[in-house]
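Asks: Starting off with a structure, shown below.
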Amino acid sequence: MAEVSGSCDPRFEQVRQAFESNFDQGLDVGASVAVFLDGEPVVDLWGGHLDLERTRPWREDTIINVWSTTKTMTAICALMLADRGEIDLHAPVARYWPEFAAAGKGGIEVRHLMSHTAGLSGWQEPLQVEDLYDWEKATGLLAAQEPWWEPGTMSGYHAVTQGYLVGEVIRRVTGRTVGRFFAEEVAGPLGADFFIGTPASADDRVAPVIPPEGLPTESDFEPGSIAVRTLSNPRLDGSESQTVPWRRAEIPAAGGHGNARSVAAVHSVIACGGEARGVRLMSPEGCEVIFEEQSNGPDAVLGVPIRFGMGFGLSGEMMPVGPHTYFWGGWGGSIIVVDLDTRMAVSYVMNRMESGLVGDLRGASIVLAAAASVAGD
């Protein structure tokens, strides 16, 4: 039997069972899961180990690189600024970042960045992983680059670039990096243990990811396709996040560190219409902006049909969830699903990565168990 610690409201026993089953089936090595309902934690579980040899236990305060679940934190920062009237999501990016208008990009709007429809899913110039640690280089190249397709006509997952694009708008508007803005305006007030740019003081709590096996190669894609150009420059295999330079850098689409508790704690505020546990991040109307559909169809990078709202995936063919539900997840399997009708946020974070970019059955089983628990109330 799996060794799982933490707390679980009896109503959510199905979530505990699903979590334990992942370990019992050998699907997980170390992981955490959290459910917040009406702004309060009802499930906060962790278990397993930090290493394949199973010598070091996953602890209550363990954090890990959650990859693209980081995008959800960056999106919330932008939505907060939009709710305050400091960013117009329908305005040209160049209003806030004048250099971005180069190469015919004057008509690209902030909403295109938020929904992966800007045509800038990757860098044209060859990059090394170390270039991702250089904010000015990463953003400057994107500002000078021509779009790869007509912006707004389709989505192509901006796997790494989205964080730099949205993050630079945030920096131009606030004078603060997205990591600092998030720390001061979101994580700090909520006491959420999540970082975009992880400090040395947290190093002893960071679990190393276990990189996926059987990663796709360029031969698995159409030569020269948008998917190849996006995912191979720079080429990542997962081991990068085991390094200190990756951890220290602000990589707002892929480098955030946290656990299920901190991810769900942040999103529980949105689940409750913008305020929870005495902290307000945005108005109820600001939360509803998430559900403004921006694209709906096959994604040029992920190769599956996705319906994007403002910063998040919405209910559709890929994720048939409730009509007032948004979601996203990270490479390897981490996930956050938020239902504003039931006022519930569900998060799962783990160290053993699967190779897929769009989630797997481990997180799905937990989300389904949470939904069944609420339906059974």
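Each chain of the structure tokens is named A, B, ... in the order shown, its residues numbered from 1; ligands are numbered from 1 in display order.
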Excluding same-chain residues fewer than 6 positions from segment 198-201 of chain A, what lies within 9 Å of it counting only C-alpha atoms, as a ChimeraX atom specification?
Replies: /A:244,246-250,255-257
Asks: Put those residues in a file: N, CA and C atoms, as an mmCIF file, in the first residue's frame.
Replies:
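That gives us result-v2.cif:
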```
data_model
loop_
_atom_site.group_PDB
_atom_site.id
_atom_site.type_symbol
_atom_site.label_atom_id
_atom_site.label_comp_id
_atom_site.auth_asym_id
_atom_site.auth_seq_id
_atom_site.Cartn_x
_atom_site.Cartn_y
_atom_site.Cartn_z
ATOM 1 N N VAL A 244 20.450 24.459 -11.003
ATOM 2 C CA VAL A 244 20.206 25.701 -10.265
ATOM 3 C C VAL A 244 19.927 26.882 -11.202
ATOM 4 N N TRP A 246 18.377 27.010 -14.037
ATOM 5 C CA TRP A 246 16.969 26.924 -14.457
ATOM 6 C C TRP A 246 16.058 27.371 -13.319
ATOM 7 N N ARG A 247 16.347 26.902 -12.148
ATOM 8 C CA ARG A 247 15.506 27.195 -10.988
ATOM 9 C C ARG A 247 15.499 28.694 -10.671
ATOM 10 N N ARG A 248 16.657 29.325 -10.770
ATOM 11 C CA ARG A 248 16.764 30.743 -10.425
ATOM 12 C C ARG A 248 16.106 31.640 -11.475
ATOM 13 N N ALA A 249 16.154 31.232 -12.728
ATOM 14 C CA ALA A 249 15.641 32.075 -13.816
ATOM 15 C C ALA A 249 14.126 32.216 -13.720
ATOM 16 N N GLU A 250 13.638 33.342 -14.209
ATOM 17 C CA GLU A 250 12.197 33.496 -14.353
ATOM 18 C C GLU A 250 11.825 33.001 -15.746
ATOM 19 N N GLY A 255 8.949 27.313 -15.774
ATOM 20 C CA GLY A 255 9.932 27.133 -14.718
ATOM 21 C C GLY A 255 9.446 27.306 -13.302
ATOM 22 N N GLY A 256 8.143 27.444 -13.084
ATOM 23 C CA GLY A 256 7.632 27.670 -11.739
ATOM 24 C C GLY A 256 7.754 26.446 -10.848
ATOM 25 N N HIS A 257 7.996 26.692 -9.575
ATOM 26 C CA HIS A 257 8.109 25.621 -8.588
ATOM 27 C C HIS A 257 7.035 25.777 -7.510
#
```
Asks: When you look at Glu125 of chain A with a cut-off of 12 Å (counting only C-alpha atoms), what residues show up, excluding the ones that are within fewer than 5 positions of it in the same chain? I need them as a list in words.
Replies: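 My reading of the contact set: Asp131, Lys137, Ala138, Gly140, Leu141, Leu142, Ala144, Gln145, Glu146, Arg229, Thr230, Ser232, Asn233 and Pro234 of chain A.
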Asks: From the set A:Gly309, A:Gly359, A:Pro252, A:Pro147, which residue has the shortest atom-to-atom contact distance to Ile336 of chain A, counting only C-alpha atoms?
Replies: A:Gly359
Asks: Taking 4 positions as the minimum chain separation for residues in the same chain, which residues sit within 12 Å of Val263 of chain A when counting only C-alpha atoms? Answer as an mmCIF file with C-alpha atoms, in the first residue's frame.
Replies:
```cif
data_model
loop_
_atom_site.group_PDB
_atom_site.id
_atom_site.type_symbol
_atom_site.label_atom_id
_atom_site.label_comp_id
_atom_site.auth_asym_id
_atom_site.auth_seq_id
_atom_site.Cartn_x
_atom_site.Cartn_y
_atom_site.Cartn_z
ATOM 1 C CA SER A 32 0.916 15.708 -4.052
ATOM 2 C CA VAL A 33 -2.765 16.459 -4.568
ATOM 3 C CA ALA A 34 -4.991 19.220 -3.243
ATOM 4 C CA VAL A 35 -8.655 20.166 -3.480
ATOM 5 C CA PHE A 36 -10.073 23.495 -2.312
ATOM 6 C CA PRO A 41 -8.726 23.059 1.658
ATOM 7 C CA ASP A 44 -4.145 18.068 1.095
ATOM 8 C CA ILE A 63 8.099 21.664 -4.119
ATOM 9 C CA ILE A 64 8.954 20.838 -7.713
ATOM 10 C CA ASN A 65 9.105 22.320 -11.199
ATOM 11 C CA VAL A 66 5.518 22.109 -12.487
ATOM 12 C CA SER A 68 3.439 24.650 -17.917
ATOM 13 C CA THR A 69 1.214 24.801 -14.866
ATOM 14 C CA THR A 70 3.375 27.902 -14.347
ATOM 15 C CA LYS A 71 1.502 29.498 -17.251
ATOM 16 C CA THR A 72 -1.627 29.629 -15.112
ATOM 17 C CA MET A 73 0.111 31.828 -12.547
ATOM 18 C CA ILE A 76 -3.613 35.266 -13.395
ATOM 19 C CA VAL A 186 -0.395 36.784 -5.344
ATOM 20 C CA ALA A 187 1.812 34.304 -3.496
ATOM 21 C CA LEU A 190 -2.134 34.111 -0.042
ATOM 22 C CA GLY A 191 0.828 32.467 1.675
ATOM 23 C CA ALA A 192 1.163 30.236 -1.384
ATOM 24 C CA ASP A 193 4.420 28.276 -1.616
ATOM 25 C CA PHE A 194 4.965 28.886 -5.343
ATOM 26 C CA PHE A 195 7.809 30.654 -7.123
ATOM 27 C CA GLY A 256 7.632 27.670 -11.739
ATOM 28 C CA HIS A 257 8.109 25.621 -8.588
ATOM 29 C CA GLY A 258 5.365 24.673 -6.167
ATOM 30 C CA ASN A 259 3.190 21.810 -5.020
ATOM 31 C CA HIS A 267 -6.719 29.056 -8.163
ATOM 32 C CA SER A 268 -9.240 28.637 -5.344
ATOM 33 C CA VAL A 269 -9.505 32.418 -5.293
ATOM 34 C CA ILE A 270 -10.656 32.428 -8.913
ATOM 35 C CA PHE A 327 -7.917 24.044 -16.849
ATOM 36 C CA TRP A 328 -4.310 23.704 -17.789
ATOM 37 C CA GLY A 329 -1.389 21.487 -16.926
ATOM 38 C CA GLY A 330 2.310 20.946 -17.276
ATOM 39 C CA SER A 334 0.767 18.197 -13.416
ATOM 40 C CA ILE A 335 -2.706 19.739 -13.693
ATOM 41 C CA ILE A 336 -5.105 22.333 -12.304
ATOM 42 C CA VAL A 337 -8.852 22.232 -12.958
ATOM 43 C CA VAL A 338 -11.136 24.975 -11.632
ATOM 44 C CA ALA A 345 -10.024 23.871 -7.503
ATOM 45 C CA VAL A 346 -8.239 20.542 -7.990
ATOM 46 C CA SER A 347 -4.487 20.209 -8.458
ATOM 47 C CA TYR A 348 -2.063 17.316 -8.884
ATOM 48 C CA VAL A 349 1.743 17.626 -9.048
#
```
Asks: Residues at most 7 Å from Arg205 of chain A, counting only C-alpha atoms, excluding those fewer than 2 positions away in the same chain, as a list in words?
Replies: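 In the requested format, the answer is Asp61, Thr62, Ile63, Ala202, Asp203 and Ala207 of chain A.
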Asks: Which value, in Å to one decimal, gives the distance between atom CA of Gly273 of chain A and atom CA of Gln14 of chain A?
Replies: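 The value is 26.3 Å.
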Asks: Report the residues of segment 134-285 of chain A whose backbone DSSP state falls under strand (DSSP E or B), written as a short mmCIF file (atom, residue, chain, number, x, y, z; two decimals) with C-alpha atoms, in the first residue's frame.
Replies:
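Dumped everything to part.cif:
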```cif
data_model
loop_
_atom_site.label_atom_id
_atom_site.label_comp_id
_atom_site.auth_asym_id
_atom_site.auth_seq_id
_atom_site.Cartn_x
_atom_site.Cartn_y
_atom_site.Cartn_z
CA PHE A 195 7.81 30.65 -7.12
CA VAL A 206 13.03 21.12 -4.22
CA ALA A 207 12.39 17.66 -5.60
CA ILE A 210 12.31 12.36 -13.14
CA SER A 232 13.10 21.76 -30.85
CA ARG A 235 15.37 21.14 -27.30
CA HIS A 257 8.11 25.62 -8.59
CA GLY A 258 5.36 24.67 -6.17
CA GLU A 275 -11.81 36.45 -3.37
CA ALA A 276 -11.06 33.74 -0.82
CA VAL A 279 -7.71 37.96 -0.09
CA ARG A 280 -9.15 39.47 -3.26
#
```
Asks: Which polymer residues have any atom within 7 Å of an atom of segment 15-27 of chain A, counting only C-alpha atoms, with same-chain residues fewer than 3 positions away left out, as an MDAnalysis selection string?
Replies: chainID A and resid 1:2 12 362 365:366 369:370
Asks: Of the candidates A:Val301, A:Val4, A:Ile251, A:Ala31, which shows the shortest atom-to-atom distance to Arg352 of chain A, using only C-alpha atoms?
Replies: A:Ala31
Asks: To one decimal place, how far is atom CA of Trp97 of chain A from atom CA of Trp149 of chain A in Å?
Replies: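 It comes out at 20.6 Å.
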